[in-house]
Each structure stands twice: as structure tokens, then as C-alpha cells.
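Data file: start-v5.txt. Format and content: compact mmCIF, C-alpha atoms and all ligand atoms.
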```txt
# COMPACT_ATOMS: atom_id res chain seq x y z
CA MET A 1 -30.21 14.59 105.87
CA SER A 2 -32.03 11.90 103.84
CA ASN A 3 -33.79 14.64 101.92
CA GLU A 4 -30.46 16.11 101.08
CA ILE A 5 -29.15 12.69 99.82
CA ARG A 6 -32.23 12.06 97.67
CA ARG A 7 -31.88 15.51 96.14
CA ILE A 8 -28.23 14.81 95.23
CA GLU A 9 -29.10 11.40 93.85
CA ARG A 10 -31.87 12.87 91.67
CA GLN A 11 -29.40 15.46 90.46
CA ASN A 12 -26.85 12.78 89.60
CA GLU A 13 -29.49 10.71 87.85
CA ARG A 14 -30.40 13.75 85.66
CA ILE A 15 -26.75 14.27 84.77
CA ARG A 16 -26.38 10.59 83.76
CA GLN A 17 -29.60 10.85 81.81
CA VAL A 18 -28.32 13.86 79.86
CA ARG A 19 -25.02 12.05 79.20
CA ARG A 20 -26.83 8.95 77.88
CA GLU A 21 -29.00 11.11 75.66
CA ARG A 22 -25.98 12.98 74.29
CA MET A 23 -24.16 9.69 73.67
CA CYS A 24 -27.14 8.31 71.79
CA LEU A 25 -27.44 11.45 69.73
CA ALA A 26 -23.74 11.31 68.89
CA ILE A 27 -24.00 7.70 67.75
CA VAL A 28 -27.06 8.44 65.64
CA LEU A 29 -25.33 11.45 64.08
CA ALA A 30 -22.21 9.40 63.36
CA VAL A 31 -24.24 6.65 61.71
CA VAL A 32 -26.20 9.16 59.67
CA ALA A 33 -22.97 10.84 58.62
CA LEU A 34 -21.38 7.53 57.66
CA ILE A 35 -24.38 6.51 55.61
CA GLY A 36 -24.32 9.92 54.02
CA ILE A 37 -20.61 9.66 53.14
CA ILE A 38 -21.04 6.17 51.69
CA THR A 39 -24.01 7.32 49.65
CA VAL A 40 -22.12 10.34 48.36
CA ILE A 41 -19.10 8.19 47.43
CA PHE A 42 -21.40 5.75 45.72
CA ILE A 43 -23.13 8.48 43.78
CA VAL A 44 -20.03 10.49 42.93
CA ARG A 45 -17.82 7.54 42.03
CA LYS A 46 -19.25 6.34 38.73
CA PRO A 47 -18.63 2.76 37.64
CA ARG A 48 -15.61 2.68 35.36
CA ILE A 49 -15.29 0.45 32.30
CA THR A 50 -11.97 -0.06 30.55
CA ILE A 51 -12.04 -1.55 27.06
CA ARG A 52 -8.60 -2.71 26.06
CA THR A 53 -7.33 -4.18 22.78
CA GLU A 54 -4.60 -6.62 23.65
CA SER A 55 -1.20 -6.38 21.97
CA LEU A 56 -0.30 -9.21 19.60
CA SER A 57 2.63 -10.21 17.46
CA MET A 58 3.01 -12.21 14.26
CA THR A 59 5.56 -12.91 11.56
CA GLN A 60 5.28 -11.19 8.18
CA ASP A 61 3.05 -13.00 5.65
CA GLU A 62 1.24 -15.01 8.30
CA THR A 63 -2.49 -14.48 8.68
CA VAL A 64 -3.30 -11.45 10.77
CA PRO A 65 -4.57 -12.83 14.14
CA LYS A 66 -8.00 -12.08 15.53
CA PHE A 67 -7.87 -9.07 17.80
CA LYS A 68 -8.75 -9.73 21.43
CA VAL A 69 -10.63 -7.26 23.63
CA LYS A 70 -10.60 -7.17 27.40
CA VAL A 71 -13.43 -5.44 29.29
CA VAL A 72 -12.80 -4.54 32.94
CA VAL A 73 -15.53 -3.02 35.13
CA LYS A 74 -14.85 -1.30 38.44
CA GLY A 75 -17.70 -0.11 40.66
CA ASN A 76 -21.38 -0.93 40.97
CA LYS A 77 -22.31 -3.32 38.17
CA ASP A 78 -25.99 -3.17 39.16
CA LYS A 79 -26.18 0.51 38.54
CA ILE A 80 -29.10 1.25 36.28
CA LEU A 81 -28.23 3.26 33.20
CA ASP A 82 -31.68 3.32 31.68
CA LYS A 83 -34.69 3.24 34.02
CA GLU A 84 -37.30 2.24 31.44
CA THR A 85 -35.47 -0.78 30.09
CA LYS A 86 -33.68 -1.51 33.39
CA TYR A 87 -30.45 -1.50 31.48
CA THR A 88 -27.56 -2.01 33.90
CA VAL A 89 -23.81 -1.65 33.78
CA LYS A 90 -23.61 -5.44 33.94
CA LYS A 91 -25.74 -5.76 30.79
CA LEU A 92 -23.52 -3.24 29.04
CA GLU A 93 -20.43 -5.18 30.14
CA SER A 94 -21.70 -8.39 28.56
CA GLU A 95 -22.59 -6.50 25.36
CA LEU A 96 -19.10 -5.05 25.17
CA LYS A 97 -17.60 -8.49 25.74
CA SER A 98 -19.59 -9.84 22.82
CA GLY A 99 -18.19 -7.12 20.56
CA LYS A 100 -21.04 -4.63 20.48
CA ASN A 101 -20.79 -0.82 20.46
CA TYR A 102 -17.34 -0.52 18.86
CA GLU A 103 -15.22 -1.42 15.88
CA ILE A 104 -11.65 -2.66 15.84
CA SER A 105 -9.32 -1.84 12.99
CA CYS A 106 -5.62 -2.09 12.28
CA LYS A 107 -3.66 -0.81 9.31
CA ALA A 108 -1.44 -3.90 9.25
CA ASP A 109 -1.90 -6.04 6.13
CA GLY A 110 0.35 -8.81 7.42
CA LYS A 111 2.67 -8.36 4.44
CA THR A 112 4.44 -5.28 5.73
CA ASP A 113 6.50 -5.59 8.87
CA GLY A 114 6.48 -2.99 11.65
CA LYS A 115 4.39 -1.90 14.62
CA PHE A 116 0.74 -1.06 14.03
CA LYS A 117 -1.83 0.37 16.45
CA ILE A 118 -4.91 -1.77 17.00
CA GLN A 119 -7.56 0.91 16.98
CA LEU A 120 -10.85 0.67 18.83
CA LYS A 121 -13.52 3.09 17.76
CA LEU A 122 -16.69 3.44 19.84
CA SER A 123 -19.89 3.58 17.81
CA ASP A 124 -21.40 7.03 17.38
CA GLU A 125 -24.57 6.02 19.19
CA PHE A 126 -22.60 4.70 22.18
CA LYS A 127 -20.43 7.79 22.31
CA LYS A 128 -23.50 9.98 22.26
CA LYS A 129 -24.99 8.15 25.25
CA LEU A 130 -21.73 8.41 27.18
CA ASN A 131 -21.62 12.14 26.61
CA LYS A 132 -25.28 12.79 27.38
CA GLU A 133 -27.61 10.44 29.34
CA TRP A 134 -24.81 8.47 30.91
CA SER A 135 -22.31 11.25 31.51
CA ARG A 136 -22.97 11.26 35.29
CA LYS A 137 -23.49 7.53 35.56
CA LEU A 138 -20.59 5.92 33.82
CA GLU A 139 -17.00 6.40 32.71
CA VAL A 140 -15.51 4.50 29.78
CA THR A 141 -11.82 4.40 28.90
CA VAL A 142 -10.31 2.87 25.75
CA GLU A 143 -6.79 1.47 25.74
CA GLU A 144 -5.32 0.55 22.36
CA GLY A 145 -2.70 -2.14 21.90
CA THR A 146 -0.26 -2.76 19.06
CA LEU A 147 0.22 -5.49 16.51
CA THR A 148 3.88 -6.24 15.93
CA VAL A 149 4.57 -7.76 12.52
CA LYS A 150 8.03 -9.27 12.69
CA ASN A 151 10.21 -9.25 9.58
CA LYS A 152 10.13 -12.64 7.89
CA TYR A 153 13.68 -12.43 6.58
CA GLY A 154 15.42 -11.82 9.88
CA SER A 155 16.78 -8.92 11.89
CA TRP A 156 19.48 -6.26 11.84
CA ASP A 157 22.94 -6.90 13.21
CA GLY A 158 24.54 -3.47 12.98
CA GLU A 159 25.11 -2.70 9.29
CA LYS A 160 24.44 -6.31 8.40
CA PHE A 161 21.24 -8.29 8.25
CA LYS A 162 21.05 -11.67 9.88
CA LYS A 163 18.60 -13.94 8.17
CA THR A 164 16.36 -16.45 9.90
CA ASP A 165 18.63 -19.31 8.79
CA GLY A 166 21.55 -17.64 10.60
CA SER A 167 23.39 -16.49 7.45
CA TYR A 168 23.93 -12.84 6.52
CA ALA A 169 22.21 -11.17 3.56
CA LYS A 170 24.70 -10.85 0.72
CA ASN A 171 24.30 -9.50 -2.84
CA GLU A 172 20.58 -9.16 -2.35
CA PHE A 173 17.72 -6.85 -1.54
CA ILE A 174 15.90 -7.16 1.76
CA SER A 175 12.63 -5.46 2.54
CA TYR A 176 12.39 -4.12 6.09
CA GLU A 177 9.50 -2.07 7.49
CA GLY A 178 8.41 -0.99 4.03
CA ASN A 179 11.90 0.00 2.86
CA GLN A 180 14.26 -1.81 0.51
CA TYR A 181 17.90 -2.31 1.47
CA TYR A 182 20.70 -3.88 -0.53
CA PHE A 183 23.52 -5.86 1.04
CA GLY A 184 26.77 -6.13 -0.88
CA GLU A 185 29.43 -8.79 -1.11
CA ASN A 186 30.72 -7.93 2.40
CA GLY A 187 27.21 -8.21 3.85
CA LYS A 188 26.99 -4.51 4.69
CA LYS A 189 24.08 -2.36 3.57
CA VAL A 190 24.81 -0.21 0.55
CA THR A 191 24.48 3.60 0.64
CA GLY A 192 24.74 6.03 -2.29
CA GLU A 193 24.58 4.70 -5.85
CA LEU A 194 24.66 1.16 -7.12
CA GLN A 195 24.63 -0.06 -10.71
CA LEU A 196 23.10 -3.49 -11.03
CA GLY A 197 21.30 -5.50 -13.71
CA GLY A 198 20.65 -2.60 -16.09
CA LYS A 199 19.50 -0.27 -13.34
CA VAL A 200 20.96 2.46 -11.18
CA TYR A 201 19.77 2.38 -7.59
CA THR A 202 20.12 5.28 -5.18
CA PHE A 203 20.16 4.62 -1.44
CA SER A 204 19.98 7.10 1.45
CA LYS A 205 22.68 7.41 4.12
CA SER A 206 20.75 4.93 6.22
CA GLY A 207 20.57 2.52 3.29
CA LYS A 208 16.93 2.98 2.29
CA LEU A 209 16.28 2.65 -1.43
CA LYS A 210 15.28 6.09 -2.69
CA SER A 211 15.03 5.60 -6.46
CA GLU A 212 15.81 3.20 -9.24
CA GLU A 213 16.26 4.04 -12.87
CA PHE A 214 17.04 2.04 -15.93
CA TYR A 215 20.57 2.45 -17.05
CA VAL A 216 21.57 1.96 -20.67
CA ASP A 217 25.26 1.37 -21.23
CA PRO A 218 26.03 3.04 -24.59
CA GLU A 219 29.08 0.82 -25.00
CA LYS A 220 27.11 -2.40 -24.76
CA PRO A 221 24.95 -3.80 -27.58
CA MET A 222 21.23 -3.06 -27.54
CA ILE A 223 18.05 -3.91 -29.42
CA ALA A 224 14.67 -2.16 -29.48
CA LEU A 225 11.75 -4.58 -29.62
CA THR A 226 8.60 -2.90 -30.91
CA PHE A 227 5.00 -4.13 -30.96
CA ASP A 228 2.22 -2.76 -33.18
CA ASP A 229 -1.59 -2.84 -33.33
CA GLY A 230 -2.16 -3.54 -29.62
CA PRO A 231 -2.60 -3.67 -26.76
CA GLY A 232 -4.27 -7.05 -26.89
CA PRO A 233 -5.37 -9.73 -24.45
CA GLU A 234 -1.84 -11.23 -24.39
CA THR A 235 0.05 -8.00 -23.82
CA GLU A 236 0.03 -8.22 -20.00
CA LYS A 237 1.89 -11.56 -20.18
CA LEU A 238 4.52 -9.98 -22.37
CA LEU A 239 4.87 -7.10 -19.90
CA SER A 240 5.45 -9.55 -17.05
CA THR A 241 8.32 -11.15 -18.95
CA LEU A 242 9.84 -7.77 -19.79
CA GLU A 243 9.60 -6.76 -16.13
CA GLN A 244 11.19 -10.00 -15.00
CA TYR A 245 14.28 -9.33 -17.14
CA ASN A 246 14.48 -5.55 -16.53
CA ALA A 247 13.81 -5.27 -20.25
CA ARG A 248 11.73 -2.65 -22.05
CA ALA A 249 9.91 -2.47 -25.37
CA THR A 250 8.03 0.15 -27.36
CA PHE A 251 4.31 -0.32 -28.00
CA PHE A 252 2.75 1.40 -31.00
CA MET A 253 -0.91 1.40 -30.07
CA VAL A 254 -4.11 1.83 -32.08
CA GLY A 255 -6.92 4.04 -30.75
CA SER A 256 -9.64 1.38 -30.52
CA GLN A 257 -7.33 -0.97 -28.57
CA VAL A 258 -6.24 1.81 -26.23
CA ASP A 259 -9.88 2.16 -25.14
CA LYS A 260 -10.04 -1.52 -24.20
CA TYR A 261 -6.83 -1.89 -22.18
CA PRO A 262 -6.19 1.18 -20.01
CA ASP A 263 -4.69 -0.93 -17.19
CA THR A 264 -2.26 -2.61 -19.57
CA ILE A 265 -1.06 0.78 -20.77
CA LYS A 266 -0.60 1.91 -17.18
CA LYS A 267 1.58 -1.13 -16.53
CA MET A 268 3.66 -0.38 -19.66
CA LYS A 269 4.43 3.01 -18.21
CA GLU A 270 5.18 1.62 -14.75
CA ILE A 271 7.77 -0.86 -15.98
CA GLY A 272 9.54 1.67 -18.18
CA CYS A 273 8.21 0.73 -21.62
CA GLU A 274 7.74 3.42 -24.24
CA LEU A 275 4.24 4.52 -25.18
CA GLY A 276 4.05 4.67 -28.98
CA ASN A 277 1.32 5.80 -31.34
CA HIS A 278 -0.12 3.80 -34.23
CA THR A 279 -2.95 6.28 -34.98
CA ALA A 280 -6.67 6.25 -34.22
CA GLU A 281 -7.95 4.04 -37.06
CA HIS A 282 -4.86 2.50 -38.66
CA LYS A 283 -5.38 4.39 -41.91
CA SER A 284 -2.50 5.12 -44.24
CA LEU A 285 -1.36 8.61 -43.27
CA LYS A 286 -0.53 9.30 -46.91
CA LYS A 287 -4.26 9.42 -47.65
CA LEU A 288 -5.03 11.92 -44.90
CA SER A 289 -4.88 15.71 -44.85
CA ASP A 290 -2.44 17.50 -42.55
CA ALA A 291 -5.20 18.19 -40.03
CA GLU A 292 -6.40 14.58 -40.19
CA ILE A 293 -2.86 13.27 -39.60
CA LYS A 294 -2.51 15.45 -36.50
CA GLU A 295 -5.95 14.40 -35.28
CA ALA A 296 -5.25 10.66 -35.89
CA ILE A 297 -2.09 10.87 -33.77
CA ASN A 298 -3.06 13.42 -31.11
CA SER A 299 -6.35 11.71 -30.25
CA VAL A 300 -4.50 8.47 -29.39
CA SER A 301 -1.88 10.39 -27.44
CA ASP A 302 -4.61 12.05 -25.34
CA LYS A 303 -6.21 8.69 -24.56
CA VAL A 304 -2.86 7.21 -23.54
CA ALA A 305 -2.20 10.22 -21.32
CA ALA A 306 -5.58 9.69 -19.67
CA ALA A 307 -4.86 6.00 -19.07
CA THR A 308 -1.42 6.65 -17.58
CA GLY A 309 -2.28 9.71 -15.56
CA GLY A 310 -0.43 12.17 -17.74
CA SER A 311 2.02 10.40 -20.05
CA PRO A 312 1.24 10.97 -23.74
CA THR A 313 2.80 8.99 -26.59
CA THR A 314 6.31 10.01 -27.61
CA VAL A 315 6.86 8.29 -30.98
CA THR A 316 4.64 7.25 -33.90
CA ARG A 317 4.78 4.30 -36.22
CA PRO A 318 2.81 5.13 -39.37
CA PRO A 319 0.39 2.30 -40.31
CA TYR A 320 1.81 0.11 -43.11
CA GLY A 321 5.03 2.07 -42.72
CA ALA A 322 3.48 4.50 -45.17
CA PHE A 323 4.79 8.05 -45.25
CA ASP A 324 5.76 10.79 -47.67
CA ASP A 325 6.93 14.37 -47.39
CA HIS A 326 3.53 15.72 -46.46
CA VAL A 327 3.17 13.06 -43.69
CA LYS A 328 6.62 14.02 -42.37
CA ALA A 329 5.70 17.69 -42.39
CA ALA A 330 2.40 17.13 -40.54
CA ALA A 331 3.45 14.46 -38.03
CA PRO A 332 3.44 15.78 -34.44
CA GLU A 333 5.87 13.03 -33.34
CA PRO A 334 9.03 11.29 -34.66
CA LEU A 335 8.22 8.50 -37.16
CA ILE A 336 9.75 5.16 -36.21
CA MET A 337 10.19 2.46 -38.85
CA TRP A 338 12.05 -0.83 -38.38
CA SER A 339 15.14 -2.65 -39.55
CA ILE A 340 13.91 -6.20 -38.92
CA ASP A 341 10.45 -7.31 -40.01
CA THR A 342 9.65 -10.62 -38.35
CA LEU A 343 6.51 -11.10 -40.53
CA ASP A 344 4.93 -12.52 -37.39
CA TRP A 345 1.45 -11.37 -38.49
CA LYS A 346 1.81 -13.43 -41.66
CA THR A 347 3.44 -16.65 -40.42
CA LYS A 348 1.74 -16.72 -37.00
CA ASN A 349 4.46 -19.18 -36.18
CA VAL A 350 6.32 -19.00 -32.87
CA GLN A 351 9.55 -20.63 -34.07
CA SER A 352 9.93 -18.61 -37.27
CA THR A 353 9.28 -15.39 -35.32
CA ILE A 354 11.92 -16.32 -32.74
CA LYS A 355 14.37 -17.13 -35.54
CA SER A 356 13.75 -13.77 -37.16
CA VAL A 357 14.17 -11.82 -33.89
CA ASN A 358 17.42 -13.67 -33.26
CA THR A 359 18.92 -12.16 -36.41
CA ALA A 360 18.84 -8.76 -34.72
CA THR A 361 22.10 -7.14 -33.72
CA ASP A 362 23.21 -3.95 -32.02
CA GLY A 363 21.05 -0.97 -32.99
CA ASP A 364 18.23 -2.88 -34.67
CA ILE A 365 14.55 -2.03 -34.34
CA VAL A 366 12.47 -5.22 -34.47
CA LEU A 367 8.85 -5.20 -35.65
CA MET A 368 6.27 -7.52 -34.05
CA HIS A 369 2.53 -7.40 -33.25
CA ASP A 370 1.33 -8.07 -29.70
CA ILE A 371 -2.28 -8.70 -30.78
CA HIS A 372 -1.24 -12.17 -31.94
CA LYS A 373 -0.84 -14.92 -29.34
CA THR A 374 2.00 -16.51 -31.35
CA SER A 375 3.93 -13.25 -31.44
CA VAL A 376 3.66 -12.79 -27.68
CA GLU A 377 4.70 -16.40 -27.11
CA ALA A 378 7.71 -15.87 -29.39
CA ALA A 379 8.66 -12.67 -27.55
CA ILE A 380 8.38 -14.38 -24.15
CA GLN A 381 10.82 -17.06 -25.32
CA VAL A 382 13.23 -14.81 -27.18
CA ILE A 383 13.61 -12.09 -24.49
CA PRO A 384 15.74 -14.26 -22.15
CA GLN A 385 17.73 -15.50 -25.17
CA LEU A 386 18.66 -11.95 -26.20
CA ILE A 387 19.54 -11.02 -22.59
CA GLU A 388 21.70 -14.16 -22.43
CA LYS A 389 23.51 -13.02 -25.58
CA GLY A 390 24.37 -9.77 -23.78
CA TYR A 391 21.85 -7.41 -25.37
CA GLN A 392 20.20 -4.61 -23.49
CA LEU A 393 16.52 -4.54 -24.46
CA VAL A 394 15.67 -0.87 -24.58
CA THR A 395 12.99 1.50 -25.85
CA VAL A 396 13.33 3.37 -29.12
CA SER A 397 13.97 6.67 -27.33
CA GLU A 398 16.54 5.10 -24.99
CA MET A 399 18.41 3.65 -27.96
CA ALA A 400 18.34 6.98 -29.82
CA GLU A 401 19.71 8.77 -26.76
CA ALA A 402 22.41 6.17 -26.17
CA ARG A 403 23.51 6.62 -29.80
CA GLY A 404 23.46 10.40 -29.55
CA VAL A 405 20.48 10.87 -31.87
CA THR A 406 17.94 13.58 -31.06
CA LEU A 407 14.53 12.44 -32.26
CA GLU A 408 12.65 15.11 -34.17
CA ASN A 409 8.96 15.39 -35.00
CA GLY A 410 8.45 14.21 -38.58
CA GLY A 411 11.93 12.66 -38.66
CA VAL A 412 12.03 9.05 -39.93
CA TYR A 413 14.19 6.47 -38.13
CA PHE A 414 14.86 2.86 -39.18
CA SER A 415 17.64 1.86 -36.78
CA PHE A 416 20.29 3.26 -34.44
CA TYR A 417 23.48 1.53 -35.46
CA LYS A 418 26.75 2.60 -33.87
CA GLN A 419 28.41 5.26 -35.99
ZN ZN B 501 -0.17 -1.87 -37.85
```

Here is the file; what I need is its structure written in the form of C-alpha cells.
Ligand code: ZN
Amino acid sequence: MSNEIRRIERQNERIRQVRRERMCLAIVLAVVALIGIITVIFIVRKPRITIRTESLSMTQDETVPKFKVKVVVKGNKDKILDKETKYTVKKLESELKSGKNYEISCKADGKTDGKFKIQLKLSDEFKKKLNKEWSRKLEVTVEEGTLTVKNKYGSWDGEKFKKTDGSYAKNEFISYEGNQYYFGENGKKVTGELQLGGKVYTFSKSGKLKSEEFYVDPEKPMIALTFDDGPGPETEKLLSTLEQYNARATFFMVGSQVDKYPDTIKKMKEIGCELGNHTAEHKSLKKLSDAEIKEAINSVSDKVAAATGGSPTTVTRPPYGAFDDHVKAAAPEPLIMWSIDTLDWKTKNVQSTIKSVNTATDGDIVLMHDIHKTSVEAAIQVIPQLIEKGYQLVTVSEMAEARGVTLENGGVYFSFYKQ
């Protein structure tokens, strides 16, 4: 009987033993599996770095603010990216925070309103590492923000424009997101055509300015101011005054001066002035052969075309006003004389030049020389006076057209009086 009990007890003990062993094994396996899973997750899930440029806003014409960058790291910061140098994710994070490995740029100049992307460009070296050595170790994402440049004048209110002082734009141009708009007497934006201050403006259906052209009213009096022997160091100043008053002039330029002032000539063209020819060396054309006359004029025209990006001269003033039949026959451009000689080159006196210009009336061509400081000073003073008197200051070709005259090569013109 006792033998039988002992046998059963031994049997039970063995069963318990097996159970304990199985339990232990299960726990060990579970732990191993857990460690394995954690390790796998750790290996597979690379640390992630997000580099973000933060969005900013400013008002037009203020200084563009410094762009801010935020660096966020998720995952194991101690992960080693480079064994030899023991370079870790943490080290990289601090480098990124100090502005290394990328460049920030933004097309906003602060003067133009609108929304502009703040771009973040990773350096080539950094990008290369991310794609090669670090491709399994690290993930980098770039998030770009925007810079909002708010319009300094105000904001839209339907068809009207509410200015920062609370009033509505009226009889004025407003620049908005790089486009020009004009608001009329009723405060509404203008569409279609508008004639204003000697110009014709064309606006799109949405009110954006599409083009502007000078407009010469043939019924109103006009004068053509002309300047010889330049351009000179003072010519730019004269151009600024012309531009300010929507006025134009004709410049008869000499070859040697054309070489010196290409930018001035470009500006002449931009503000609607006429590019005139005063020959290469200011020689009397009467003393030149036909071929030499053509060469003296064409060579200057080519230089002017080069300076303006393709606009040659259109009219010629013969030096000393000298011409004869053979000059007329050879001239490749119309020959423009004058009806009022201010004698500015002789007097070099501002007041007497102004007085002389002020004798001009409708259809006159006035002769001056922009190489003299006194002449430019006189012109700067007399331009607003002539505008005030109701004259349109136009180019020679504009005046000819307004008076129905077709300019012909070799033709000689002194004035364009109303018939
Ligand atoms: Zn001259």
C-alpha cells in the first residue's frame, strides 16, 4: 500500500517538475521574443528629424525678418551615424540648430506684397550622406513655411480699396501683389481704357494694368524739345524731369558720346524719348561723300541699337545744320532742323536759355545741347513751365504724326505748325 502511494507521489512530482520546466521555458521564450521585437523596432524605426522653416508675416517695405528654423528629433538621439568619429544624431541635431547643412532662401524682396515660400535647401554633401551612408540610419523631412508680405496701402473691399487710414483709394493708382490698379472718382477699380495725364492706360477685366502708352492730342498745342551733342553727364537728370512730367524729348547723339553713356540711352528709350542721330564725328555732312554720310549715320544708329537692345535711331540732325541736295539724297534718315535756336551753347546762361525756350509755341522744334550743365538746368526749370502753359512735350516723330506729316529719309523738317 505504502509502495503504491510513494509510486503515485513520485509520478505526481515528475508531472509538476515537467510543468515547472515548461513554464520556465515559456517565460524565457517570451522574454527573448520581447527583447527581439524591441530590438527589431529599434533597428527598423530610424530616428526622424524634421527641419521646419517657420511662417512669418511683415508689411511691405519693412525689413525682411530673419527666418527661423525649428529642428525636431524623434527616436534615438544617441544613435551613431558615423562609427569612426562617433557622430551621433544628437550632434547632428545641434549642428542643424546652429544653421549648418542647409541654406534658406526666399524670393520676397520686402517691396512686393504677396505670399512667398521660405525655401530650405539641404547642402549637397548632407543630401549625399542621407541617400547613402545614412539611408538606413536616419530620416530627414523638410517643411517649408511662407513669408506673407502685407500690402502697405491697405486691403480690398470688393471693387474698392480701403487704405490703412480708413479712406478709400480715389483717383489714384495702387500697387497690389505686383499689379497696378487705378481707382476712379467713385472709388471703384477701373477696367478697359483710361486716358490720363498724356497717357492711355489699358486695364484687364479684373483691373490689372496691362499697358500704358503716351497719348498725343492733335488738337492740343505741342512742342518738341531737342538736345544735340550728347549724351553727357547731366543727361540722366534731364531724363528724370521728363519722366516726372510724362514729357518726352528727342536726343540727337554723337558717336563718341554714345559709347560713354549706354545706360542713359537705354533710359531714354524706356521713358519714351526719341533716339536721334548726330553722326559719328560731328563733321559737316556737306564735306562727306555719299558713302561717308551713310557710314557716319548708320554707325551711330547701330551703336544706339546695341545700347537699347534693338532700337536704332529714327531721325538725324546734320551737324551745324549743314545740308545740301547731295546730303539729302544720301541721308538714310529724315533730317530734322529747328525753328527756335536757344543759343544755349553760346550764352551758357540758364535764364536766357529759359527765356528763349519760352518763346516756343505750338509746332516748334527747340534746339538745345544736353552736354552743357546750364542747358540741362534750364530744361529742368522750363519743362514744368511749358506743361503748366498747356503744352504737350512730344518727340519729333510724335509731333509729325499728330500733324499728319510722314517723315521721309532725306526730307528736311524745321517745324510742324498746324496747317
Ligand atoms: Zn552739334

With a distance cut-off of 7 Å and only C-alpha atoms, select the neighbouring residues of segment 267-278 of chain A, excluding the residue or stretch itself and same-chain residues fewer than 3 positions from it, and output the selection as a PDB file with C-alpha atoms, in the frame of the given file.
```
ATOM      1  CA  ASP A 229      -1.590  -2.840 -33.330  1.00  0.00           C
ATOM      2  CA  LEU A 239       4.870  -7.100 -19.900  1.00  0.00           C
ATOM      3  CA  GLU A 243       9.600  -6.760 -16.130  1.00  0.00           C
ATOM      4  CA  ARG A 248      11.730  -2.650 -22.050  1.00  0.00           C
ATOM      5  CA  ALA A 249       9.910  -2.470 -25.370  1.00  0.00           C
ATOM      6  CA  THR A 250       8.030   0.150 -27.360  1.00  0.00           C
ATOM      7  CA  PHE A 251       4.310  -0.320 -28.000  1.00  0.00           C
ATOM      8  CA  PHE A 252       2.750   1.400 -31.000  1.00  0.00           C
ATOM      9  CA  MET A 253      -0.910   1.400 -30.070  1.00  0.00           C
ATOM     10  CA  VAL A 254      -4.110   1.830 -32.080  1.00  0.00           C
ATOM     11  CA  ASP A 263      -4.690  -0.930 -17.190  1.00  0.00           C
ATOM     12  CA  THR A 264      -2.260  -2.610 -19.570  1.00  0.00           C
ATOM     13  CA  HIS A 282      -4.860   2.500 -38.660  1.00  0.00           C
ATOM     14  CA  ILE A 297      -2.090  10.870 -33.770  1.00  0.00           C
ATOM     15  CA  VAL A 300      -4.500   8.470 -29.390  1.00  0.00           C
ATOM     16  CA  SER A 301      -1.880  10.390 -27.440  1.00  0.00           C
ATOM     17  CA  THR A 308      -1.420   6.650 -17.580  1.00  0.00           C
ATOM     18  CA  THR A 313       2.800   8.990 -26.590  1.00  0.00           C
ATOM     19  CA  THR A 314       6.310  10.010 -27.610  1.00  0.00           C
ATOM     20  CA  VAL A 315       6.860   8.290 -30.980  1.00  0.00           C
ATOM     21  CA  THR A 316       4.640   7.250 -33.900  1.00  0.00           C
ATOM     22  CA  ARG A 317       4.780   4.300 -36.220  1.00  0.00           C
ATOM     23  CA  PRO A 318       2.810   5.130 -39.370  1.00  0.00           C
ATOM     24  CA  PRO A 319       0.390   2.300 -40.310  1.00  0.00           C
ATOM     25  CA  THR A 395      12.990   1.500 -25.850  1.00  0.00           C
TER      26      THR A 395
END
```

Point-to-point distance in Å for atom CA of Gly363 of chain A and atom CA of Glu408 of chain A: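 Distance between the two atoms: 18.2 Å.
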
Selected residue of minimal separation from ligand ZN 501 (chain B) among A:Ala108, A:Ala33, A:Ala330, A:Leu367, counting all atoms listed in the file: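 Closest to ligand ZN 501 (chain B), using all atoms listed in the file: A:Leu367.
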
I need the residue nearest Pro47 of chain A from this list: A:Cys24, A:Val31, A:Val18, A:Val89. Use only C-alpha atoms for the distance.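 Going through A:Cys24, A:Val31, A:Val18, A:Val89 one by one, the smallest distance to Pro47 of chain A is for A:Val89.
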
Spatial neighbours of segment 119-132 of chain A, 6 Å, all atoms listed in the file, chain gap at least 4 places, as a list in words: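 My list of contacting residues is Asn101, Tyr102, Glu103, Ile104, Ser105, Cys106 and Glu144 of chain A.
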
For Met58 of chain A, which of A:Ile15, A:Ala26, A:Leu147, A:Val396 is the closest residue, counting all atoms listed in the file? A:Leu147

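For the pair atom CA of Val394 of chain A and atom CA of Val382 of chain A, the separation is 14.4 Å.
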
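Of the residues listed (A:Lys389, A:Gln244, A:Thr148, A:Tyr153), A:Tyr153 shows the shortest atom-to-atom separation from Asp165 of chain A; distances use all atoms listed in the file.
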